[in-house]
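Chemist: I have a structure here, written as structure tokens, and I will follow up with some questions on it.
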Amino acid sequence: MPTALVVGAGVFGAALADRLVARGWEVTLVEQFTPGDARSESGGETRLLRYSHGADDFYTAQAWRGRDAWRELGVLEEVGVVWLARREDGWESESERVLRSLGIPVERVDPTTLFPGIAVDGLAFALLESAGGVLRAGDGVRALVERASAGGLRLESGAARPEGGRAVLDGRRLEADHVIWACGAWLAQLFPELVRLRVTRQEVVLFDAGPDWAGVPAWLDFDASAYGHGTIEPYGFKVASDREGDAVEPGLRPPQAPDTTLTGARHYLGTRFPALADAPVRSSPSCHYSLTADANFLFDRHPAQPGVWLLGGGSGHGYKHGPALAEHVADVLEGGAEPEPRFALGERTPSRALRTAGS
Ligand SMILES: Cc1cc2nc3c(=O)[nH]c(=O)nc-3n(C[C@H](O)[C@H](O)[C@H](O)COP(=O)(O)OP(=O)(O)OC[C@H]3O[C@@H](n4cnc5c(N)ncnc54)[C@H](O)[C@@H]3O)c2cc1C
């Protein structure tokens with residue numbers, strides 16, 4: 001039976017552990033906190049499941065492949081996702097073309113039929129992905145680990161460090177046929193000579209909007225780098241900015257958003273969803289992004305250690321891809337595929353094409 005040691009139980013590591021267990025591997029998963037902890041990038045409240053990636057059909061297809069896994073795990077709120085497009089010929093129309101070519105449901109809609117009292121100023125059109133939705137983030141990671149544990153996964157607690165081809169945990173040397181370091185933002189600290197990530201502080205604001213706003217689609221405003229979702233209990237109505245925040249140490253960011261973030265979120269709410277202009281804030285948790293230069297993920301062999309692999313670089317859009325990325329990684333570990341070239345270690349050309357405009 002092949003063996004694997006996966007370090008890091010964020011969505012990338014947990015989904016990989018789950019896939020390998022399902023394929024009959026003997027797997028140990030090491031996590032310094034607990035799976036789904038809000039200090040990791042995959043923990044906390046919610047993440048959007050959208051298939052649109054502009055002109056990029058690779059990530060569009062990969063996001064679509066992950067949908068069934070999320071449904072099986074029972075953490076997908078199937079409310080749809082709507083793009084509030086400010087230009088006729090922008091990122092959203094490129095997405096629409098790719099979605100249609102891949103047979104992924106998409107349609108232009110009148111946004112006033114979707115949201116009570118939405119202000120449509122500045123919008124060219126609205127694009128609905130009816131099969132998209134909202135993932136319960138911490139719950140999804142825990143569900144992956146629970147399913148893998150039921151299949152025989154061994155979960156170890158503590159912070160591991162690399163030593164040659166092994167991991168050292170509390171003075172113990174852990175070995176396996178393959179050691180996969182899926183450590184999110186911590187990957188760059190563990191392998192500074194190989195991995196470069198920008199780790200930025202990001203905040204979300206959750207408003208008390210009440211039950212009238214339950215069941216509405218999640219929404220993204222690409223050109224304003226704003227996104228969010230309707231009421232999802234126990235969290236509330238989410239408003240967030242995809243603009244990159246200040247540099248931060250992973251695990252050491254302040255737990256709450258500053259006042260400027262609350263003001264910015266309320267301003268967006270007031271202009272786009274005026275009925276919620278005075279909605280009370282429920283909470284304003286903070287998180288971090290682990291950004292590669294071009295927002296492509298990272299998965300590659302360690303160049304000097306056979307059997308050692310690096311997996312990460314979620315770049316602010318990785319959560320939804322966890323299960324499908326894990327299938328690819330498992331194929332590679334089993335020798336049935338080569339690592340996807342766009343995930344390779346090494347220099348990248350800076351680009352934002354996979355996320356939002358950042359303005
Ligand atoms: C505010 C915000 C909004 C986002 N919105 C979306 C979205 O809408 N859709 C989407 O798809 N994605 C979204 N993302 C991005 C997505 O959440 C990340 O890309 C993804 O969670 C990255 O997962 P990961 O497993 O690489 O990292 P992590 O979740 O951080 O997992 C790494 C794990 O490794 C552990 N670890 C680190 N070092 C060690 C060690 N030495 N020993 C043991 N354990 C260790 C950490 O504790 C952590 O649990 C968002 C992210 C943020 C912050």
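Letters A, B, ... go to the chains of the structure tokens in the order shown; residues in each chain start at 1; ligands are counted from 1 in the same order.
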Which neighbours of stretch 346-355 of chain A fall inside 9 Å, counting only C-alpha atoms, when residues of the same chain fewer than 5 positions from it are skipped, and could you give them as a VMD selection string?
Modeler: chain A and resid 52 to 56 59 91 194 to 196 222 225 242 292 to 296 315 to 317
Chemist: Record the distance separating atom CA of A:Pro285 and atom 2 (C, counted along the ligand's line) of ligand 1, expressed in Å with one decimal.
Modeler: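 It comes out at 9.7 Å.
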Chemist: Set the distance at 10 Å and use only C-alpha atoms: which residues neighbour A:Val6 once local chain neighbours fewer than 6 positions away are removed? I'd like the list as a PyMOL selection string.
Modeler: chain A and resi 12-14+16-17+27-31+155+167+176+178-183+309+311
Chemist: Of the candidates A:Glu338, A:Asp121, A:Glu244, A:Glu193, which shows the shortest atom-to-atom distance to ligand 1, using only C-alpha atoms and all ligand atoms?
Modeler: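 Among the listed residues, A:Glu244 lies closest to ligand 1.
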Chemist: Near A:Val79, within 10 Å and counting only C-alpha atoms, which residues show up once chain neighbours fewer than 5 positions away are dropped, as a list of chain:residue names?
Modeler: A:Glu129, A:Ser130, A:Ala131, A:Gly132, A:Gly133, A:Val134, A:Ala214, A:Gly215, A:Val216, A:Pro217, A:Ala218, A:His229, A:Gly230
Chemist: Nearest to A:Leu187: which of A:Phe58, A:Tyr51, A:Phe299, A:Trp64 is it, counting only C-alpha atoms?
Modeler: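 Using only C-alpha atoms, A:Leu187 sits closest to A:Phe299.
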Chemist: Near A:Arg142, within 10 Å and counting only C-alpha atoms, which residues show up once chain neighbours fewer than 5 positions away are dropped, as a VMD selection string?
Modeler: chain A and resid 9 to 11 14 34 to 37 43 73 137 147 to 148
Chemist: Got time to write the residues from that selection, N, CA and C atoms, as a PDB file, in the first residue's frame?
Modeler:
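Saved as selection-v4.pdb:
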```
ATOM      1  N   ALA A   9      -3.683  20.873   7.020  1.00  0.00           N
ATOM      2  CA  ALA A   9      -5.077  20.462   6.787  1.00  0.00           C
ATOM      3  C   ALA A   9      -5.930  21.666   6.446  1.00  0.00           C
ATOM      4  N   GLY A  10      -5.438  22.494   5.500  1.00  0.00           N
ATOM      5  CA  GLY A  10      -6.329  23.460   4.860  1.00  0.00           C
ATOM      6  C   GLY A  10      -7.089  22.717   3.777  1.00  0.00           C
ATOM      7  N   VAL A  11      -7.764  23.451   2.904  1.00  0.00           N
ATOM      8  CA  VAL A  11      -8.568  22.762   1.893  1.00  0.00           C
ATOM      9  C   VAL A  11      -7.686  21.942   0.947  1.00  0.00           C
ATOM     10  N   ALA A  14      -6.381  18.807   3.092  1.00  0.00           N
ATOM     11  CA  ALA A  14      -7.493  17.944   3.513  1.00  0.00           C
ATOM     12  C   ALA A  14      -8.112  17.232   2.309  1.00  0.00           C
ATOM     13  N   THR A  34      -6.413  23.079  14.432  1.00  0.00           N
ATOM     14  CA  THR A  34      -7.338  21.975  14.142  1.00  0.00           C
ATOM     15  C   THR A  34      -7.910  22.240  12.752  1.00  0.00           C
ATOM     16  N   PRO A  35      -8.311  21.202  12.009  1.00  0.00           N
ATOM     17  CA  PRO A  35      -8.833  21.433  10.657  1.00  0.00           C
ATOM     18  C   PRO A  35     -10.015  22.407  10.685  1.00  0.00           C
ATOM     19  N   GLY A  36      -9.978  23.410   9.786  1.00  0.00           N
ATOM     20  CA  GLY A  36     -11.058  24.398   9.721  1.00  0.00           C
ATOM     21  C   GLY A  36     -10.838  25.597  10.632  1.00  0.00           C
ATOM     22  N   ASP A  37      -9.719  25.627  11.371  1.00  0.00           N
ATOM     23  CA  ASP A  37      -9.420  26.748  12.269  1.00  0.00           C
ATOM     24  C   ASP A  37      -9.395  28.059  11.465  1.00  0.00           C
ATOM     25  N   GLY A  43     -10.314  28.414   6.730  1.00  0.00           N
ATOM     26  CA  GLY A  43     -11.255  28.292   7.839  1.00  0.00           C
ATOM     27  C   GLY A  43     -12.294  29.398   7.816  1.00  0.00           C
ATOM     28  N   LEU A  73     -20.343  16.565  -0.072  1.00  0.00           N
ATOM     29  CA  LEU A  73     -19.926  16.878   1.300  1.00  0.00           C
ATOM     30  C   LEU A  73     -20.989  17.675   2.061  1.00  0.00           C
ATOM     31  N   ALA A 137     -16.933  27.260   4.580  1.00  0.00           N
ATOM     32  CA  ALA A 137     -15.505  26.990   4.438  1.00  0.00           C
ATOM     33  C   ALA A 137     -14.938  26.062   5.521  1.00  0.00           C
ATOM     34  N   ARG A 147     -14.440  12.523   6.641  1.00  0.00           N
ATOM     35  CA  ARG A 147     -14.648  11.418   5.692  1.00  0.00           C
ATOM     36  C   ARG A 147     -13.371  10.593   5.522  1.00  0.00           C
ATOM     37  N   ALA A 148     -12.239  11.293   5.428  1.00  0.00           N
ATOM     38  CA  ALA A 148     -10.973  10.566   5.292  1.00  0.00           C
ATOM     39  C   ALA A 148     -10.675   9.773   6.560  1.00  0.00           C
TER      40      ALA A 148
END
```
Chemist: Taking only C-alpha atoms and all ligand atoms into account, name the residue in A:Glu92, A:Glu156, A:Asp18, A:Glu78 that is nearest to ligand 1.
Modeler: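 For ligand 1, the nearest of the given residues is A:Glu156.
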